[in-house]
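**Student:** As input, take input_29.pdb (PDB, C-alpha atoms, pLDDT in the B column):
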ATOM      1  CA  MET A 266     117.073 131.273 -23.904  1.00 50.00           C
ATOM      2  CA  SER A 267     114.616 128.711 -25.198  1.00 54.00           C
ATOM      3  CA  ASP A 268     114.126 127.855 -28.853  1.00 62.00           C
ATOM      4  CA  GLN A 269     110.520 126.858 -28.267  1.00 67.00           C
ATOM      5  CA  ILE A 270     107.735 128.855 -29.838  1.00 63.00           C
ATOM      6  CA  LYS A 271     105.115 129.951 -27.387  1.00 60.00           C
ATOM      7  CA  PHE A 272     101.542 130.263 -28.654  1.00 57.00           C
ATOM      8  CA  GLU A 273      98.866 132.349 -27.016  1.00 61.00           C
ATOM      9  CA  SER A 274      95.191 131.887 -27.714  1.00 59.00           C
ATOM     10  CA  VAL A 275      93.399 134.857 -29.161  1.00 52.00           C
ATOM     11  CA  ASP A 276      89.734 135.625 -29.470  1.00 56.00           C
ATOM     12  CA  TYR A 277      89.661 136.014 -33.243  1.00 47.00           C
ATOM     13  CA  ASN A 278      87.786 134.048 -35.842  1.00 47.00           C
ATOM     14  CA  PRO A 279      88.548 135.156 -39.419  1.00 46.00           C
ATOM     15  CA  PHE A 280      85.499 133.260 -40.685  1.00 44.00           C
ATOM     16  CA  ARG A 281      82.881 134.863 -38.430  1.00 55.00           C
ATOM     17  CA  GLU A 282      82.004 137.497 -41.008  1.00 67.00           C
ATOM     18  CA  ALA A 283      79.715 136.905 -43.956  1.00 76.00           C
ATOM     19  CA  GLU A 284      80.938 134.689 -46.741  1.00 87.00           C
ATOM     20  CA  ILE A 285      81.878 136.473 -49.981  1.00 89.00           C
ATOM     21  CA  LEU A 286      79.750 135.184 -52.844  1.00 91.00           C
ATOM     22  CA  LYS A 287      80.948 137.435 -55.641  1.00 94.00           C
ATOM     23  CA  VAL A 288      83.767 139.847 -56.420  1.00 95.00           C
ATOM     24  CA  SER A 289      83.489 142.197 -59.369  1.00 95.00           C
ATOM     25  CA  GLY A 290      84.894 145.453 -60.683  1.00 95.00           C
ATOM     26  CA  LEU A 291      83.178 148.790 -60.275  1.00 95.00           C
ATOM     27  CA  VAL A 292      81.737 150.577 -63.278  1.00 94.00           C
ATOM     28  CA  ASP A 293      83.132 154.040 -64.006  1.00 95.00           C
ATOM     29  CA  ALA A 294      80.252 155.871 -62.312  1.00 94.00           C
ATOM     30  CA  GLN A 295      80.775 153.824 -59.121  1.00 95.00           C
ATOM     31  CA  LYS A 296      84.511 154.518 -59.215  1.00 96.00           C
ATOM     32  CA  GLU A 297      83.823 158.249 -59.412  1.00 96.00           C
ATOM     33  CA  ILE A 298      81.425 158.146 -56.447  1.00 97.00           C
ATOM     34  CA  TRP A 299      83.777 155.951 -54.401  1.00 96.00           C
ATOM     35  CA  LEU A 300      86.702 158.295 -55.117  1.00 96.00           C
ATOM     36  CA  ALA A 301      84.640 161.389 -54.266  1.00 97.00           C
ATOM     37  CA  CYS A 302      83.702 159.772 -50.935  1.00 97.00           C
ATOM     38  CA  LYS A 303      87.343 159.000 -50.149  1.00 95.00           C
ATOM     39  CA  ILE A 304      88.781 162.340 -51.213  1.00 95.00           C
ATOM     40  CA  GLY A 305      85.930 164.449 -49.852  1.00 95.00           C
ATOM     41  CA  GLY A 306      85.684 162.612 -46.536  1.00 94.00           C
ATOM     42  CA  LYS A 307      82.563 162.447 -44.407  1.00 95.00           C
ATOM     43  CA  GLU A 308      80.790 165.381 -46.058  1.00 95.00           C
ATOM     44  CA  ALA A 309      81.202 163.880 -49.535  1.00 96.00           C
ATOM     45  CA  ASN A 310      80.113 160.447 -48.315  1.00 96.00           C
ATOM     46  CA  LEU A 311      77.022 161.966 -46.689  1.00 96.00           C
ATOM     47  CA  SER A 312      76.113 163.765 -49.903  1.00 96.00           C
ATOM     48  CA  TYR A 313      75.483 160.351 -51.459  1.00 97.00           C
ATOM     49  CA  ASN A 314      72.924 159.275 -48.857  1.00 96.00           C
ATOM     50  CA  GLU A 315      69.616 158.654 -50.605  1.00 94.00           C
ATOM     51  CA  SER A 316      66.494 158.520 -48.482  1.00 94.00           C
ATOM     52  CA  ILE A 317      62.816 158.023 -49.197  1.00 94.00           C
ATOM     53  CA  SER A 318      60.072 158.187 -46.594  1.00 96.00           C
ATOM     54  CA  LEU A 319      56.442 157.189 -46.728  1.00 96.00           C
ATOM     55  CA  ILE A 320      53.584 157.885 -44.352  1.00 97.00           C
ATOM     56  CA  LEU A 321      51.649 154.642 -44.015  1.00 97.00           C
ATOM     57  CA  GLU A 322      48.053 155.063 -42.884  1.00 97.00           C
ATOM     58  CA  GLY A 323      45.884 152.138 -41.856  1.00 97.00           C
ATOM     59  CA  ILE A 324      46.472 148.780 -40.234  1.00 95.00           C
ATOM     60  CA  LEU A 325      50.131 147.772 -40.364  1.00 96.00           C
ATOM     61  CA  ASN A 326      51.743 144.642 -39.012  1.00 97.00           C
ATOM     62  CA  GLU A 327      55.165 145.885 -37.897  1.00 97.00           C
ATOM     63  CA  GLU A 328      56.592 142.376 -37.624  1.00 97.00           C
ATOM     64  CA  HIS A 329      55.546 141.517 -41.174  1.00 97.00           C
ATOM     65  CA  LEU A 330      57.143 144.716 -42.467  1.00 98.00           C
ATOM     66  CA  SER A 331      60.354 143.880 -40.603  1.00 98.00           C
ATOM     67  CA  GLN A 332      60.329 140.372 -42.111  1.00 97.00           C
ATOM     68  CA  ALA A 333      59.581 141.787 -45.558  1.00 98.00           C
ATOM     69  CA  CYS A 334      62.578 144.135 -45.274  1.00 98.00           C
ATOM     70  CA  LYS A 335      64.808 141.203 -44.319  1.00 97.00           C
ATOM     71  CA  ILE A 336      63.562 139.097 -47.232  1.00 96.00           C
ATOM     72  CA  LEU A 337      63.998 142.049 -49.596  1.00 97.00           C
ATOM     73  CA  SER A 338      67.551 142.610 -48.358  1.00 96.00           C
ATOM     74  CA  GLU A 339      68.482 138.984 -48.906  1.00 95.00           C
ATOM     75  CA  ARG A 340      67.076 139.013 -52.455  1.00 94.00           C
ATOM     76  CA  HIS A 341      69.077 141.969 -53.796  1.00 95.00           C
ATOM     77  CA  GLU A 342      72.832 141.825 -54.357  1.00 95.00           C
ATOM     78  CA  ALA A 343      73.102 145.606 -54.064  1.00 95.00           C
ATOM     79  CA  LEU A 344      71.918 145.424 -50.448  1.00 96.00           C
ATOM     80  CA  LYS A 345      74.650 142.878 -49.672  1.00 96.00           C
ATOM     81  CA  MET A 346      77.509 144.840 -51.270  1.00 95.00           C
ATOM     82  CA  VAL A 347      80.657 146.234 -49.681  1.00 95.00           C
ATOM     83  CA  PHE A 348      83.593 147.904 -51.413  1.00 95.00           C
ATOM     84  CA  ALA A 349      87.292 147.097 -51.422  1.00 94.00           C
ATOM     85  CA  PRO A 350      89.554 149.590 -49.626  1.00 93.00           C
ATOM     86  CA  ASN A 351      91.134 150.581 -52.964  1.00 93.00           C
ATOM     87  CA  GLY A 352      87.778 151.180 -54.690  1.00 93.00           C
ATOM     88  CA  ILE A 353      88.489 148.852 -57.579  1.00 94.00           C
ATOM     89  CA  LYS A 354      86.256 145.935 -56.612  1.00 96.00           C
ATOM     90  CA  TYR A 355      83.040 145.303 -54.769  1.00 96.00           C
ATOM     91  CA  MET A 356      82.055 142.164 -52.913  1.00 95.00           C
ATOM     92  CA  VAL A 357      78.624 140.633 -52.478  1.00 95.00           C
ATOM     93  CA  THR A 358      78.267 138.729 -49.224  1.00 92.00           C
ATOM     94  CA  ASP A 359      75.837 135.993 -48.287  1.00 92.00           C
ATOM     95  CA  GLN A 360      74.219 138.174 -45.603  1.00 90.00           C
ATOM     96  CA  ALA A 361      72.636 141.577 -46.024  1.00 90.00           C
ATOM     97  CA  ASN A 362      72.528 142.589 -42.341  1.00 92.00           C
ATOM     98  CA  VAL A 363      70.495 145.674 -43.260  1.00 96.00           C
ATOM     99  CA  PRO A 364      69.205 147.050 -39.967  1.00 97.00           C
ATOM    100  CA  PHE A 365      65.502 147.526 -39.311  1.00 98.00           C
ATOM    101  CA  LEU A 366      64.850 150.024 -36.547  1.00 97.00           C
ATOM    102  CA  PHE A 367      61.375 150.251 -35.004  1.00 98.00           C
ATOM    103  CA  LEU A 368      60.494 153.262 -32.859  1.00 98.00           C
ATOM    104  CA  ASP A 369      57.172 153.685 -31.062  1.00 98.00           C
ATOM    105  CA  TRP A 370      56.386 157.337 -30.444  1.00 98.00           C
ATOM    106  CA  THR A 371      52.677 156.942 -29.751  1.00 97.00           C
ATOM    107  CA  GLU A 372      53.110 158.181 -26.155  1.00 97.00           C
ATOM    108  CA  ALA A 373      54.356 161.580 -27.365  1.00 97.00           C
ATOM    109  CA  ASP A 374      52.043 164.435 -28.288  1.00 96.00           C
ATOM    110  CA  ARG A 375      51.958 165.720 -31.888  1.00 96.00           C
ATOM    111  CA  ILE A 376      54.407 168.584 -31.250  1.00 97.00           C
ATOM    112  CA  GLU A 377      56.924 166.215 -29.640  1.00 97.00           C
ATOM    113  CA  ARG A 378      56.505 163.664 -32.468  1.00 97.00           C
ATOM    114  CA  ASP A 379      57.060 166.365 -35.094  1.00 97.00           C
ATOM    115  CA  PHE A 380      60.189 167.499 -33.249  1.00 97.00           C
ATOM    116  CA  ARG A 381      61.497 163.923 -32.964  1.00 98.00           C
ATOM    117  CA  LEU A 382      60.742 163.232 -36.624  1.00 97.00           C
ATOM    118  CA  ALA A 383      62.608 166.339 -37.781  1.00 96.00           C
ATOM    119  CA  HIS A 384      65.549 165.344 -35.577  1.00 97.00           C
ATOM    120  CA  PHE A 385      65.438 161.756 -36.891  1.00 96.00           C
ATOM    121  CA  LEU A 386      65.430 162.888 -40.538  1.00 94.00           C
ATOM    122  CA  GLU A 387      68.324 165.266 -39.872  1.00 93.00           C
ATOM    123  CA  LYS A 388      70.288 162.487 -38.172  1.00 94.00           C
ATOM    124  CA  GLU A 389      69.453 160.068 -40.987  1.00 92.00           C
ATOM    125  CA  VAL A 390      71.161 162.256 -43.590  1.00 87.00           C
ATOM    126  CA  ASP A 391      74.046 162.933 -41.172  1.00 93.00           C
ATOM    127  CA  THR A 392      74.863 159.253 -40.594  1.00 96.00           C
ATOM    128  CA  GLU A 393      77.427 158.041 -43.084  1.00 95.00           C
ATOM    129  CA  PHE A 394      77.713 154.543 -44.443  1.00 96.00           C
ATOM    130  CA  ASP A 395      80.890 152.485 -44.053  1.00 96.00           C
ATOM    131  CA  LEU A 396      81.652 151.550 -47.659  1.00 96.00           C
ATOM    132  CA  GLN A 397      84.115 148.791 -46.710  1.00 94.00           C
ATOM    133  CA  ASN A 398      82.129 147.047 -43.988  1.00 92.00           C
ATOM    134  CA  GLY A 399      78.517 147.875 -44.782  1.00 93.00           C
ATOM    135  CA  PRO A 400      75.670 147.609 -44.585  1.00 95.00           C
ATOM    136  CA  LEU A 401      74.978 150.325 -47.133  1.00 97.00           C
ATOM    137  CA  ALA A 402      71.254 150.644 -46.426  1.00 97.00           C
ATOM    138  CA  ARG A 403      68.919 150.850 -43.436  1.00 97.00           C
ATOM    139  CA  PHE A 404      65.185 150.697 -42.758  1.00 98.00           C
ATOM    140  CA  THR A 405      63.346 152.660 -40.073  1.00 98.00           C
ATOM    141  CA  LEU A 406      59.696 152.355 -39.077  1.00 98.00           C
ATOM    142  CA  ILE A 407      58.310 154.921 -36.658  1.00 98.00           C
ATOM    143  CA  LYS A 408      54.881 154.375 -35.153  1.00 98.00           C
ATOM    144  CA  LEU A 409      53.336 157.827 -34.752  1.00 98.00           C
ATOM    145  CA  GLU A 410      49.785 156.760 -33.903  1.00 96.00           C
ATOM    146  CA  ASP A 411      47.991 153.407 -33.811  1.00 95.00           C
ATOM    147  CA  ASN A 412      47.350 153.476 -37.569  1.00 97.00           C
ATOM    148  CA  ILE A 413      49.936 155.999 -38.757  1.00 98.00           C
ATOM    149  CA  HIS A 414      53.575 155.045 -39.390  1.00 98.00           C
ATOM    150  CA  HIS A 415      56.553 156.842 -40.922  1.00 98.00           C
ATOM    151  CA  PHE A 416      58.704 154.423 -42.943  1.00 98.00           C
ATOM    152  CA  THR A 417      62.144 155.379 -44.261  1.00 97.00           C
ATOM    153  CA  ILE A 418      64.648 153.566 -46.444  1.00 96.00           C
ATOM    154  CA  THR A 419      68.090 155.148 -46.599  1.00 97.00           C
ATOM    155  CA  ALA A 420      70.875 153.801 -48.797  1.00 97.00           C
ATOM    156  CA  HIS A 421      74.177 154.938 -50.235  1.00 97.00           C
ATOM    157  CA  HIS A 422      73.983 155.984 -53.883  1.00 97.00           C
ATOM    158  CA  LEU A 423      76.655 153.383 -54.721  1.00 96.00           C
ATOM    159  CA  VAL A 424      74.042 150.672 -54.172  1.00 96.00           C
ATOM    160  CA  CYS A 425      70.710 152.401 -54.726  1.00 94.00           C
ATOM    161  CA  ASP A 426      69.424 155.236 -56.879  1.00 91.00           C
ATOM    162  CA  GLY A 427      65.982 156.686 -57.542  1.00 87.00           C
ATOM    163  CA  TRP A 428      65.094 153.967 -60.033  1.00 91.00           C
ATOM    164  CA  SER A 429      66.230 151.262 -57.615  1.00 93.00           C
ATOM    165  CA  PHE A 430      64.087 152.703 -54.819  1.00 94.00           C
ATOM    166  CA  GLY A 431      61.013 152.280 -57.002  1.00 93.00           C
ATOM    167  CA  ILE A 432      61.879 148.632 -57.596  1.00 95.00           C
ATOM    168  CA  LEU A 433      62.589 148.048 -53.900  1.00 95.00           C
ATOM    169  CA  PHE A 434      59.315 149.616 -52.757  1.00 95.00           C
ATOM    170  CA  GLU A 435      57.309 147.673 -55.326  1.00 96.00           C
ATOM    171  CA  GLU A 436      58.878 144.387 -54.287  1.00 97.00           C
ATOM    172  CA  LEU A 437      58.642 145.233 -50.585  1.00 97.00           C
ATOM    173  CA  ALA A 438      54.910 145.829 -50.984  1.00 96.00           C
ATOM    174  CA  SER A 439      54.511 142.438 -52.681  1.00 97.00           C
ATOM    175  CA  ILE A 440      56.501 140.627 -49.992  1.00 98.00           C
ATOM    176  CA  TYR A 441      54.590 142.386 -47.194  1.00 97.00           C
ATOM    177  CA  TYR A 442      51.262 141.524 -48.829  1.00 96.00           C
ATOM    178  CA  SER A 443      52.297 137.872 -49.111  1.00 97.00           C
ATOM    179  CA  LEU A 444      53.280 137.752 -45.439  1.00 96.00           C
ATOM    180  CA  PHE A 445      50.154 139.614 -44.357  1.00 93.00           C
ATOM    181  CA  GLU A 446      47.893 137.276 -46.355  1.00 94.00           C
ATOM    182  CA  GLY A 447      49.890 134.171 -45.461  1.00 93.00           C
ATOM    183  CA  ILE A 448      50.536 133.251 -49.090  1.00 94.00           C
ATOM    184  CA  PRO A 449      53.876 132.309 -50.675  1.00 89.00           C
ATOM    185  CA  PHE A 450      55.908 135.063 -52.315  1.00 84.00           C
ATOM    186  CA  ASN A 451      57.520 134.284 -55.644  1.00 77.00           C
TER     187      ASN A 451
END
Take the structure in this file and express it as structure tokens.
**Tutor:**
Amino acid sequence: MSDQIKFESVDYNPFREAEILKVSGLVDAQKEIWLACKIGGKEANLSYNESISLILEGILNEEHLSQACKILSERHEALKMVFAPNGIKYMVTDQANVPFLFLDWTEADRIERDFRLAHFLEKEVDTEFDLQNGPLARFTLIKLEDNIHHFTITAHHLVCDGWSFGILFEELASIYYSLFEGIPFN
């Protein structure tokens, strides 16, 4: 028997994830929501999905909206939050990683688009967020016709409420306008 230690290489990098910028305690309301999600399981977690959709009519630059969503995500701590497994702390990371999904349904007729949209909205409220790993929000842009788009922001109530959605939409509009016009956003 040999006393030598044998090392094997592994494909694991503990630093590949986002860097943690801030750790803080949850307020009582967040603790209650976190606990309800843990005790109540998937159904309870899903009940805290918040979603707002807009129908955008007119010329829309999909790439600028995607960029605006990324900029918005990087600007707001709430969109970069994840929660500790014990529900006592939250962490803010240096990367939001909020997904932006673009779907082009212009080839489908109106009946098919309506069916797909209903299915999408149903699926959106039935897709839970992973509170520990995030992200806790997502953006979806669906092109229905050349100048008609359906835009949805969905987020977990732990990071976004009705008031927050108003702030996010207002800022998103300003960022998009800046990108569209080619002027700096401040």
**Student:** So that I can check the surroundings of Asp369 in chain A, please list as an mmCIF file with C-alpha atoms, keeping the file's coordinate frame every protein, DNA and RNA residue that reaches within 10 Å of it, counting all atoms listed in the file and ignoring chain neighbours fewer than 6 positions away.
**Tutor:**
data_model
loop_
_atom_site.group_PDB
_atom_site.id
_atom_site.type_symbol
_atom_site.label_atom_id
_atom_site.label_comp_id
_atom_site.auth_asym_id
_atom_site.auth_seq_id
_atom_site.Cartn_x
_atom_site.Cartn_y
_atom_site.Cartn_z
ATOM 1 C CA LEU A 406 59.696 152.355 -39.077
ATOM 2 C CA ILE A 407 58.310 154.921 -36.658
ATOM 3 C CA LYS A 408 54.881 154.375 -35.153
ATOM 4 C CA LEU A 409 53.336 157.827 -34.752
ATOM 5 C CA GLU A 410 49.785 156.760 -33.903
ATOM 6 C CA ASP A 411 47.991 153.407 -33.811
ATOM 7 C CA HIS A 414 53.575 155.045 -39.390
#
**Student:** Under the PyMOL selection byres ((chain A and resi 427-440) around 12), which residues of this model are included? Write them out as number ranges by chain.
**Tutor:** A: 313-319, 321, 325, 329-344, 402, 404, 416-426, 441-451
**Student:** Which polymer residues have any atom within 10 Å of an atom of Lys296 in chain A, counting only C-alpha atoms, with same-chain residues fewer than 6 positions away left out, as a tab-separated table (two decimals) with C-alpha atoms, in the frame of the given file?
**Tutor:**
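Writing done, so here's part_33.tsv:
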chain	number	residue	atom	x	y	z
A	290	GLY	CA	84.89	145.45	-60.68
A	302	CYS	CA	83.70	159.77	-50.94
A	351	ASN	CA	91.13	150.58	-52.96
A	352	GLY	CA	87.78	151.18	-54.69
A	353	ILE	CA	88.49	148.85	-57.58
A	354	LYS	CA	86.26	145.94	-56.61
A	423	LEU	CA	76.66	153.38	-54.72
**Student:** To one decimal place in Å, what is the distance between CA of Tyr355 in chain A and CA of Ser289 in chain A?
**Tutor:**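 Value for the CA of Tyr355 in chain A-CA of Ser289 in chain A distance: 5.6 Å.
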**Student:** As a check of understanding, name the residues that the PyMOL selection byres ((chain A and resi 381-383) around 12) selects in the supplied structure, as a ChimeraX atom specification.
**Tutor:** /A:318,320,368-371,373-380,384-390,405-409,414-417
**Student:** What gap, in Å, lies between CA of Asn326 in chain A and CA of Asp391 in chain A?
**Tutor:**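 We find that CA of Asn326 in chain A and CA of Asp391 in chain A lie 28.9 Å from each other.
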**Student:** In Å, how far is it from CA of Leu300 in chain A to CA of Lys287 in chain A?
**Tutor:**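 Interatomic distance here is 21.6 Å.
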**Student:** When distances are computed from all atoms listed in the file, which of A:Thr358, A:Thr392, A:Gln295, A:Gln397 shows the smallest separation from Lys307 in chain A?
**Tutor:**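 For Lys307 in chain A, the nearest of the candidates is A:Thr392.
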**Student:** Please write as a ChimeraX atom specification the full residue list that the PyMOL selection byres ((chain A and resi 286) around 10) yields on this file.
**Tutor:** /A:283-285,287-288,342,345,356-360
**Student:** Emit as AutoDock Vina command-line options the padded axis-aligned box for all listed atoms of range 390-407 of chain A, 5 Å per side, with centre and edge lengths in Å to one decimal.
**Tutor:**
--center_x 71.2 --center_y 155.0 --center_z -42.2 --size_x 35.8 --size_y 25.9 --size_z 21.0
